[in-house]
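Note sheet for the following structure.
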Amino acid sequence: ANDPDDWRRYFENSFPGVKCAAVTCAVNNDLLVRALVARREVLRMMELQLDSGTPMDIDHLALLAAKAARKNRGVLKRMLAVFVPQLPDLLSRLVALNTSIKGLAQLGYPCTNVFVTFEKESDQREVLDRLAVGQFHIRRNNARILGDEKYLFQGKVLEVLESVEPNSVRWQDLNATVAERTDQMLLTSILTFGSILAV
């Protein structure tokens, strides 16, 4: 369920007296978020190359890119463009990102994590005490472990954990698979080890 109101109703109906202060549903839209971040970076690089106040609509950018392409024909300028992308290259990247974003925005994304903030610490403790069960019961969807079917969310046993503080959550890596996390740790370890050896 991607709707925070569904989760709010579940917790407040299953636990009378409990009030949810905030509910955040995290969805697995990492590709879309990365594309949006890349688009923002491209736009920022374009802004740095243009005069302040230059219109940033796509038609005006296309005109400026065409003028820059006509002007930058020298070998030295093409070599420099390898290291510092010029306006025509940035525009091509922007158009590709816009197309990708339009496609990705039309997809549906499953909810992967739900963060619930309760009004009182005692409410949080009550929910954690009642719903925290082992992985064995979660994987088998063993409803009997909860004692009452009202604690099931849409017929499922939930994996309920106490979260870290919101500013400690690595939002961009929230949906990373075990393989991706292992690759990141391995690469970091190799680079660290290499830099130690180099010194």
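Labels used: A, B, ... for chains in the order of the structure tokens, numbers from 1 for residues in each chain, and numbers from 1 for ligands as shown.
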Legend entry - Contacts of stretch 1-5 of chain A at 9 Å (only C-alpha atoms; same-chain gap of 5+ positions) as JSON, numbers by chain: {"A": [10, 22, 23, 24, 25, 26, 27, 109, 110, 111, 112, 114, 154]}
With all heavy atoms retained, write the just-selected residues as a short mmCIF file (atom, residue, chain, number, x, y, z; two decimals), in the first residue's frame.
```cif
data_model
loop_
_atom_site.label_atom_id
_atom_site.label_comp_id
_atom_site.auth_asym_id
_atom_site.auth_seq_id
_atom_site.Cartn_x
_atom_site.Cartn_y
_atom_site.Cartn_z
N TYR A 10 -4.61 1.72 9.61
CA TYR A 10 -4.25 0.40 10.14
C TYR A 10 -3.75 0.52 11.59
O TYR A 10 -4.21 -0.19 12.47
CB TYR A 10 -3.18 -0.26 9.26
CG TYR A 10 -2.46 -1.39 9.95
CD1 TYR A 10 -3.10 -2.62 10.17
CD2 TYR A 10 -1.16 -1.23 10.42
CE1 TYR A 10 -2.44 -3.65 10.82
CE2 TYR A 10 -0.50 -2.25 11.07
CZ TYR A 10 -1.15 -3.46 11.27
OH TYR A 10 -0.50 -4.48 11.93
N ALA A 22 2.98 11.17 11.90
CA ALA A 22 3.40 11.25 10.50
C ALA A 22 3.62 9.86 9.95
O ALA A 22 4.06 8.96 10.67
CB ALA A 22 4.67 12.07 10.37
N VAL A 23 3.32 9.67 8.68
CA VAL A 23 3.56 8.41 7.98
C VAL A 23 4.24 8.74 6.65
O VAL A 23 3.74 9.55 5.88
CB VAL A 23 2.25 7.63 7.72
CG1 VAL A 23 2.54 6.34 6.97
CG2 VAL A 23 1.52 7.35 9.01
N THR A 24 5.38 8.11 6.41
CA THR A 24 6.12 8.30 5.15
C THR A 24 6.24 6.95 4.46
O THR A 24 6.75 6.00 5.06
CB THR A 24 7.53 8.86 5.43
OG1 THR A 24 7.40 10.08 6.13
CG2 THR A 24 8.29 9.08 4.13
N CYS A 25 5.76 6.88 3.23
CA CYS A 25 5.88 5.66 2.43
C CYS A 25 7.01 5.84 1.44
O CYS A 25 6.96 6.73 0.59
CB CYS A 25 4.57 5.37 1.69
SG CYS A 25 3.20 4.97 2.77
N ALA A 26 8.05 5.02 1.55
CA ALA A 26 9.17 5.06 0.61
C ALA A 26 8.90 4.05 -0.50
O ALA A 26 8.57 2.89 -0.22
CB ALA A 26 10.47 4.73 1.33
N VAL A 27 8.99 4.50 -1.73
CA VAL A 27 8.73 3.61 -2.87
C VAL A 27 10.04 3.33 -3.61
O VAL A 27 11.00 4.09 -3.51
CB VAL A 27 7.68 4.20 -3.83
CG1 VAL A 27 6.33 4.30 -3.16
CG2 VAL A 27 8.11 5.56 -4.36
N TYR A 109 5.23 2.28 -8.74
CA TYR A 109 6.34 1.84 -7.90
C TYR A 109 5.81 1.23 -6.61
O TYR A 109 4.96 1.83 -5.95
CB TYR A 109 7.27 3.01 -7.59
CG TYR A 109 7.93 3.58 -8.82
CD1 TYR A 109 7.43 4.71 -9.45
CD2 TYR A 109 9.03 2.95 -9.37
CE1 TYR A 109 8.03 5.22 -10.58
CE2 TYR A 109 9.63 3.45 -10.51
CZ TYR A 109 9.14 4.58 -11.11
OH TYR A 109 9.73 5.07 -12.25
N PRO A 110 6.33 0.06 -6.24
CA PRO A 110 5.86 -0.57 -4.99
C PRO A 110 6.44 0.12 -3.76
O PRO A 110 7.54 0.66 -3.79
CB PRO A 110 6.41 -2.00 -5.11
CG PRO A 110 7.64 -1.86 -5.96
CD PRO A 110 7.33 -0.75 -6.93
N CYS A 111 5.67 0.10 -2.71
CA CYS A 111 6.12 0.63 -1.43
C CYS A 111 7.09 -0.37 -0.82
O CYS A 111 6.79 -1.56 -0.72
CB CYS A 111 4.91 0.83 -0.52
SG CYS A 111 5.31 1.58 1.05
N THR A 112 8.28 0.09 -0.44
CA THR A 112 9.28 -0.82 0.12
C THR A 112 9.49 -0.63 1.62
O THR A 112 9.86 -1.57 2.31
CB THR A 112 10.63 -0.63 -0.59
OG1 THR A 112 11.00 0.75 -0.51
CG2 THR A 112 10.53 -1.04 -2.05
N VAL A 114 7.97 1.76 5.18
CA VAL A 114 7.02 2.72 5.74
C VAL A 114 7.60 3.20 7.07
O VAL A 114 7.95 2.39 7.93
CB VAL A 114 5.63 2.09 5.96
CG1 VAL A 114 4.69 3.08 6.60
CG2 VAL A 114 5.07 1.57 4.66
N GLN A 154 -3.46 -6.10 5.59
CA GLN A 154 -3.92 -6.68 4.33
C GLN A 154 -3.55 -8.16 4.24
O GLN A 154 -3.08 -8.66 3.23
CB GLN A 154 -3.34 -5.90 3.14
CG GLN A 154 -3.82 -4.47 3.11
CD GLN A 154 -3.25 -3.65 1.96
OE1 GLN A 154 -2.35 -4.07 1.27
NE2 GLN A 154 -3.80 -2.46 1.78
#
```
Inset, instruction - Run DSSP on the backbone of this structure and report the residues of chain A it assigns to strand (DSSP E), as a PyMOL selection string. - result: chain A and resi 20-27+111-118
For those residues, write N, CA and C atoms to a file as a JSON list (two decimals), in the first residue's frame.
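Written out: selection_20.json:
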```
[["chain", "number", "residue", "atom", "x", "y", "z"],
["A", 20, "CYS", "N", -0.96, 8.43, 15.14],
["A", 20, "CYS", "CA", 0.20, 8.60, 14.25],
["A", 20, "CYS", "C", 0.40, 10.08, 13.97],
["A", 21, "ALA", "N", 1.59, 10.58, 14.22],
["A", 21, "ALA", "CA", 1.90, 11.98, 13.94],
["A", 21, "ALA", "C", 2.26, 12.15, 12.46],
["A", 22, "ALA", "N", 2.98, 11.17, 11.90],
["A", 22, "ALA", "CA", 3.40, 11.25, 10.50],
["A", 22, "ALA", "C", 3.62, 9.86, 9.95],
["A", 23, "VAL", "N", 3.32, 9.67, 8.68],
["A", 23, "VAL", "CA", 3.56, 8.41, 7.98],
["A", 23, "VAL", "C", 4.24, 8.74, 6.65],
["A", 24, "THR", "N", 5.38, 8.11, 6.41],
["A", 24, "THR", "CA", 6.12, 8.30, 5.15],
["A", 24, "THR", "C", 6.24, 6.95, 4.46],
["A", 25, "CYS", "N", 5.76, 6.88, 3.23],
["A", 25, "CYS", "CA", 5.88, 5.66, 2.43],
["A", 25, "CYS", "C", 7.01, 5.84, 1.44],
["A", 26, "ALA", "N", 8.05, 5.02, 1.55],
["A", 26, "ALA", "CA", 9.17, 5.06, 0.61],
["A", 26, "ALA", "C", 8.90, 4.05, -0.50],
["A", 27, "VAL", "N", 8.99, 4.50, -1.73],
["A", 27, "VAL", "CA", 8.73, 3.61, -2.87],
["A", 27, "VAL", "C", 10.04, 3.33, -3.61],
["A", 111, "CYS", "N", 5.67, 0.10, -2.71],
["A", 111, "CYS", "CA", 6.12, 0.63, -1.43],
["A", 111, "CYS", "C", 7.09, -0.37, -0.82],
["A", 112, "THR", "N", 8.28, 0.09, -0.44],
["A", 112, "THR", "CA", 9.28, -0.82, 0.12],
["A", 112, "THR", "C", 9.49, -0.63, 1.62],
["A", 113, "ASN", "N", 9.29, 0.58, 2.10],
["A", 113, "ASN", "CA", 9.47, 0.88, 3.52],
["A", 113, "ASN", "C", 8.42, 1.89, 3.95],
["A", 114, "VAL", "N", 7.97, 1.76, 5.18],
["A", 114, "VAL", "CA", 7.02, 2.72, 5.74],
["A", 114, "VAL", "C", 7.60, 3.20, 7.07],
["A", 115, "PHE", "N", 7.71, 4.51, 7.20],
["A", 115, "PHE", "CA", 8.22, 5.11, 8.43],
["A", 115, "PHE", "C", 7.05, 5.78, 9.13],
["A", 116, "VAL", "N", 6.79, 5.35, 10.37],
["A", 116, "VAL", "CA", 5.66, 5.88, 11.14],
["A", 116, "VAL", "C", 6.20, 6.57, 12.38],
["A", 117, "THR", "N", 5.75, 7.79, 12.59],
["A", 117, "THR", "CA", 6.10, 8.53, 13.81],
["A", 117, "THR", "C", 4.82, 8.64, 14.63],
["A", 118, "PHE", "N", 4.91, 8.17, 15.87],
["A", 118, "PHE", "CA", 3.76, 8.20, 16.76],
["A", 118, "PHE", "C", 3.82, 9.44, 17.64]]
```
Legend entry - Proximity to A:Gly103 - best of A:Asn175, A:Ala35, A:Leu197, A:Asn142, only C-alpha atoms: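 So, comparing all the options, the nearest one is A:Ala35.
With atom CA of A:Ala66 on one side and atom CA of A:Leu97 on the other, the separation reads 19.1 Å.
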Inset, instruction - Take atom CA of A:Val33 and atom CA of A:Glu165 and report the distance between them in Å, one decimal. - result: 21.8 Å
Inset, instruction - Please identify all polymer residues within 10 Å of stretch 39-50 of chain A, counting only C-alpha atoms, omitting same-chain residues fewer than 3 positions from it, and present them as an MDAnalysis selection string. - result: chainID A and resid 33:36 53:56 61 64 84:91 93:98 101
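Coordinates place atom CA of A:Arg140 at a distance of 21.2 Å from atom CA of A:Val178.
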